[in-house]
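Q: Handing you a structure now.
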Amino acid sequence: MSTNLSITYAGPWDLEMVDMPIPKREFKGKILEHAVIVKVIATNICGSDQHIYRGRFDVPAGTVLGHEITGEIIEIGRDVLHLAVGDIVSVPFNVSCGRCRSCKTQHPEVCETVNDQAPVGAYGFDLGGWQGGQSQYCLVPYADFALLKFPDRDQALERMLDLAFLSDILPTGYHGCVSAKVKPGSTVYIAGAGPVGRAAAMSARLLGAACVIVGDQNKERLDVLKKAGYETIDLSTSGSLKDKIEAILGVPHVDCGVDAVGYEAHGHGENANKEMPETALNDVMDVTRAGGSIGIPGIYVGSDPGSDLVRAKNGTLDLILGQAWVKSLTLTTGMAPVMNYSYDLMQAILWNRIDVQSVMNIAVVPIQGGVDAYKSFSDGSSKKFVINPNGYLKNS
């Protein structure tokens with residue numbers, strides 16, 4: 001019988017299933033009285049996890065992966081005052097203390113205390129040493145500040161395949177749209193039809209956008225969006241992006257742009273299979289109208305050890321920044337401050353104002369199938385893989 005089955009990183013393209021001890025409320029030799037232990041209900045595979053899997057983001061061997069975590073509290077520290085054993089909670093991927101200047105000014109994504117190397121902490125990355133949640137049990141610090149408690153246990157379990165996305169991709173896509181100033185009547189171009197791009201499309205619709213256009217080279221992912229009523233552009237075909245947008249809107253530009261791809265972007269047409277890491281961001285800058293805004297939830301890093309391009313290895317891209325400057329574009333970068341949005345998005349889900357499953361193409365897998373799911377996702381599957389470590393979910 002397993003103790004704590006966990007998906008761990010062994011090296012590029014190499015993951016291992018390891019049975020580990022159930023974590024304690026300890027970190028770097030200190031007892032964390034502000035922490036809880038959660039029994040994981042759902043933990044999703046994210047595109048950010050794929051960067052690690054492919055060797056494009058360094059983490060130490062043996063790291064438990066995963067930062068999209070929803071679970072049931074089974075143990076609480078002495079200083080946890082507003083949560084209880086048995087609560088069902090969403091864990092934001094940002095590890096944040098709630099006490100530093102950044103957290104107090106609604107920027108938990110750049111917490112100053114949870115990582116000695118940089119002002120950012122996250123589960124399952126090398127960002128402070130916090131182990132991930134693709135496991136049966138997980139340590140969560142600063143629980144009173146960080147966790148979103150679902151108001152009704154039975155309702156939460158019934159709606160888990162919607163609520164599981166509050167830990168990252170739905171707030172991330174929403175943040176991209178808020179940063180791009182999407183509003184009623186806006187026209188929006190979203191680069192990328194992966195899970196974050198699809199979450200951004202849902203978010204743009206929730207915010208009242210008149211037309212939402214998503215571009216990608218992956219026909220299977222575009223088909224998922226097309227069936228849900230979104231406009232799509234196949235970037236594997238020849239022709240300029242501006243012309244393709246004009247064919248939809250009558251003008252070659254949009255009000256708002258969202259880059260949901262990041263630094264492993266590919267080119268267009270004959271270059272669709274060629275990695276060109278600046279493509280998505282240059283595209284979004286090119287097609288956003290003068291005076292418009294761009295949200296950049298797609299990840300860009302200081303170094304990319306797996307790139308074949310010398311400049312990209314050092315985190316340097318060939319951006320056409322002049323076009324952004326001339327057009328007075330506003331660009332917002334960085335990780336999403338998940339807890340700034342998660343309560344409102346929970347309410348939108350529970351009151352059926354947003355249909356998560358219409359575009360997520362969810363596949364629930366047992367934790368023993370997690371390694372194979374990583375490969376399928378990396379190969380371009382349109383599915384959003386939700387790992388079911390403890391058997392809570394119905395259709396695994």
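Ordering of the structure tokens sets the chain letters (A, B, ...), residue numbers begin anew at 1 in every chain, and ligands are numbered from 1 in the order given.
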Considering only C-alpha atoms, tabulate each residue of stretch 225-302 of chain A that lies at most 12 Å from stretch 339-363 of chain A along with its nearest interatomic pair and the corresponding distance in Å to one decimal; arrange the rows by chain and ascending residue number and present them as JSON lines.

A:
```
{"residue": "A:Leu225", "atom": "CA", "partner": "A:Val359", "partner_atom": "CA", "distance": 6.0}
{"residue": "A:Lys226", "atom": "CA", "partner": "A:Val359", "partner_atom": "CA", "distance": 9.2}
{"residue": "A:Lys227", "atom": "CA", "partner": "A:Val359", "partner_atom": "CA", "distance": 8.5}
{"residue": "A:Ala228", "atom": "CA", "partner": "A:Ser358", "partner_atom": "CA", "distance": 6.2}
{"residue": "A:Gly229", "atom": "CA", "partner": "A:Ser358", "partner_atom": "CA", "distance": 9.8}
{"residue": "A:Tyr230", "atom": "CA", "partner": "A:Val359", "partner_atom": "CA", "distance": 9.8}
```

Q: Within 8 Å of stretch 117-123 of chain A, counting only C-alpha atoms, which residues show up once you throw out same-chain ones fewer than 6 positions away? Write them as a list in words, please.

A: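 That gives Leu65, Gly66, His67, Phe93, Asn94, Val95, Ser96, Glu109, Val110, Cys111, Gly129, Trp130, Gln131, Gly132 and Gly133 of chain A.
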
Q: Name the residues of stretch 236-301 of chain A that fall into strand (DSSP E or B) according to DSSP on the backbone, using the chain letters and numbers of this document, as a PyMOL selection string.

A: chain A and resi 254-259+266+275+288-295

Q: Restricting it to N, CA and C atoms, dump the selection as a short mmCIF file (atom, residue, chain, number, x, y, z; two decimals), in the first residue's frame.

A:
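Once written, part-v4.cif looks like this:
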```
data_model
loop_
_atom_site.label_atom_id
_atom_site.label_comp_id
_atom_site.auth_asym_id
_atom_site.auth_seq_id
_atom_site.Cartn_x
_atom_site.Cartn_y
_atom_site.Cartn_z
N VAL A 254 -6.54 44.24 -33.34
CA VAL A 254 -7.49 44.00 -32.25
C VAL A 254 -7.26 45.05 -31.16
N ASP A 255 -8.23 45.14 -30.25
CA ASP A 255 -8.10 46.08 -29.14
C ASP A 255 -7.13 45.59 -28.08
N CYS A 256 -7.12 44.26 -27.86
CA CYS A 256 -6.42 43.67 -26.72
C CYS A 256 -5.66 42.43 -27.18
N GLY A 257 -4.45 42.24 -26.66
CA GLY A 257 -3.66 41.06 -27.01
C GLY A 257 -3.23 40.30 -25.77
N VAL A 258 -3.19 38.96 -25.88
CA VAL A 258 -2.75 38.11 -24.78
C VAL A 258 -1.76 37.09 -25.33
N ASP A 259 -0.57 37.07 -24.76
CA ASP A 259 0.45 36.07 -25.12
C ASP A 259 0.36 34.94 -24.10
N HIS A 266 6.79 28.84 -31.55
CA HIS A 266 7.24 28.45 -32.87
C HIS A 266 6.78 29.48 -33.89
N GLU A 275 11.38 26.34 -33.75
CA GLU A 275 11.27 27.14 -32.54
C GLU A 275 11.82 28.54 -32.78
N THR A 288 -1.96 44.31 -32.08
CA THR A 288 -2.73 45.12 -31.12
C THR A 288 -2.72 46.57 -31.57
N ARG A 289 -3.88 47.18 -31.57
CA ARG A 289 -4.02 48.53 -32.11
C ARG A 289 -3.23 49.55 -31.29
N ALA A 290 -2.97 50.69 -31.89
CA ALA A 290 -2.30 51.79 -31.20
C ALA A 290 -3.09 52.18 -29.96
N GLY A 291 -2.38 52.32 -28.84
CA GLY A 291 -3.02 52.66 -27.58
C GLY A 291 -3.60 51.47 -26.84
N GLY A 292 -3.44 50.28 -27.40
CA GLY A 292 -3.99 49.08 -26.79
C GLY A 292 -3.10 48.51 -25.70
N SER A 293 -3.55 47.40 -25.13
CA SER A 293 -2.83 46.78 -24.02
C SER A 293 -2.63 45.29 -24.27
N ILE A 294 -1.58 44.76 -23.67
CA ILE A 294 -1.20 43.35 -23.85
C ILE A 294 -0.94 42.73 -22.49
N GLY A 295 -1.53 41.58 -22.26
CA GLY A 295 -1.22 40.77 -21.09
C GLY A 295 -0.32 39.62 -21.50
#
```

Q: So what do you get for atom CA of A:Val214 versus atom CA of A:Lys327, distance-wise?

A: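 Those two atoms sit 22.1 Å apart.
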
Q: I want to know what sits within 7 Å of A:Ala199, based on only C-alpha atoms, with residues of the same chain fewer than 5 positions away left out; could you give that as a CSV table (one decimal) with N, CA and C atoms, in the first residue's frame?

A:
```csv
chain,number,residue,atom,x,y,z
A,169,ILE,N,-4.5,27.9,-13.9
A,169,ILE,CA,-4.7,28.4,-15.3
A,169,ILE,C,-5.9,29.3,-15.5
A,170,LEU,N,-7.0,29.1,-14.8
A,170,LEU,CA,-8.1,30.0,-15.0
A,170,LEU,C,-7.8,31.5,-14.5
A,173,GLY,N,-5.2,32.9,-17.1
A,173,GLY,CA,-5.8,33.4,-18.3
A,173,GLY,C,-6.6,34.6,-18.0
```

Q: Within 6 Å of A:Pro366, counting only C-alpha atoms, which residues qualify if same-chain residues fewer than 5 places away don't, as a list in words?

A: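 Using only C-alpha atoms, the neighbours found are Ile387, Asn388 and Pro389 of chain A.
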
Q: Would you mind listing what lies within 12 Å of A:Asn273 as a ChimeraX atom specification, with only C-alpha atoms counted and same-chain residues fewer than 4 positions away left out?

A: /A:216-218,235-237,264-269,277

Q: When you look at stretch 241-244 of chain A with a cut-off of 12 Å (counting only C-alpha atoms), what residues show up, excluding the ones that are within fewer than 6 positions of it in the same chain? I need them as a PyMOL selection string.

A: chain A and resi 189-191+213-216+231-235+250-254+267-269+279-280+282-289

Q: Taking a cut-off of 12 Å and counting only C-alpha atoms, can you build a table that, for each residue of stretch 131-153 of chain A near stretch 16-24 of chain A, reports the nearest atom pair and how far apart they are in Å (one decimal), sorted by chain then residue number, as CSV?

A:
```
residue,atom,partner,partner_atom,distance
A:Gln131,CA,A:Pro23,CA,9.5
A:Gly132,CA,A:Pro23,CA,11.2
A:Gly133,CA,A:Pro23,CA,11.0
A:Gln134,CA,A:Met17,CA,10.0
A:Ser135,CA,A:Met20,CA,9.0
A:Gln136,CA,A:Ile22,CA,8.2
A:Tyr137,CA,A:Ile22,CA,6.1
A:Cys138,CA,A:Pro23,CA,6.4
A:Leu139,CA,A:Pro23,CA,6.1
A:Val140,CA,A:Pro23,CA,9.9
A:Pro141,CA,A:Lys24,CA,11.0
```

Q: May I ask for the distance between atom CA of A:Thr70 and atom CA of A:Leu206, given in Å to one decimal place?

A: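 Atom-to-atom, atom CA of A:Thr70 and atom CA of A:Leu206 are spaced 23.1 Å apart.
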
Q: From the DSSP assignment of the backbone, select every residue of stretch 298-353 of chain A that is alpha helix (DSSP H), and format the answer as a VMD selection string.

A: chain A and resid 310 to 313 321 to 326 342 to 350

Q: Using C-alpha atoms, can you write the selected residues to a file as a compact mmCIF listing (two decimals), in the first residue's frame?

A:
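After the write, out17.txt holds the following:
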```txt
# COMPACT_ATOMS: atom_id res chain seq x y z
CA VAL A 310 22.59 30.89 -27.84
CA ARG A 311 20.60 34.05 -27.16
CA ALA A 312 17.65 32.11 -25.79
CA LYS A 313 19.91 30.13 -23.46
CA LEU A 321 10.10 46.58 -29.31
CA GLY A 322 9.98 49.66 -31.54
CA GLN A 323 6.51 48.77 -32.78
CA ALA A 324 5.24 48.65 -29.21
CA TRP A 325 6.85 51.98 -28.38
CA VAL A 326 5.55 53.76 -31.48
CA SER A 342 -9.82 33.07 -7.37
CA TYR A 343 -12.82 33.92 -5.15
CA ASP A 344 -14.61 35.82 -7.91
CA LEU A 345 -13.88 33.09 -10.44
CA MET A 346 -15.12 30.45 -7.99
CA GLN A 347 -18.40 32.36 -7.76
CA ALA A 348 -18.58 32.59 -11.56
CA ILE A 349 -18.18 28.80 -11.76
CA LEU A 350 -20.66 27.97 -9.01
```
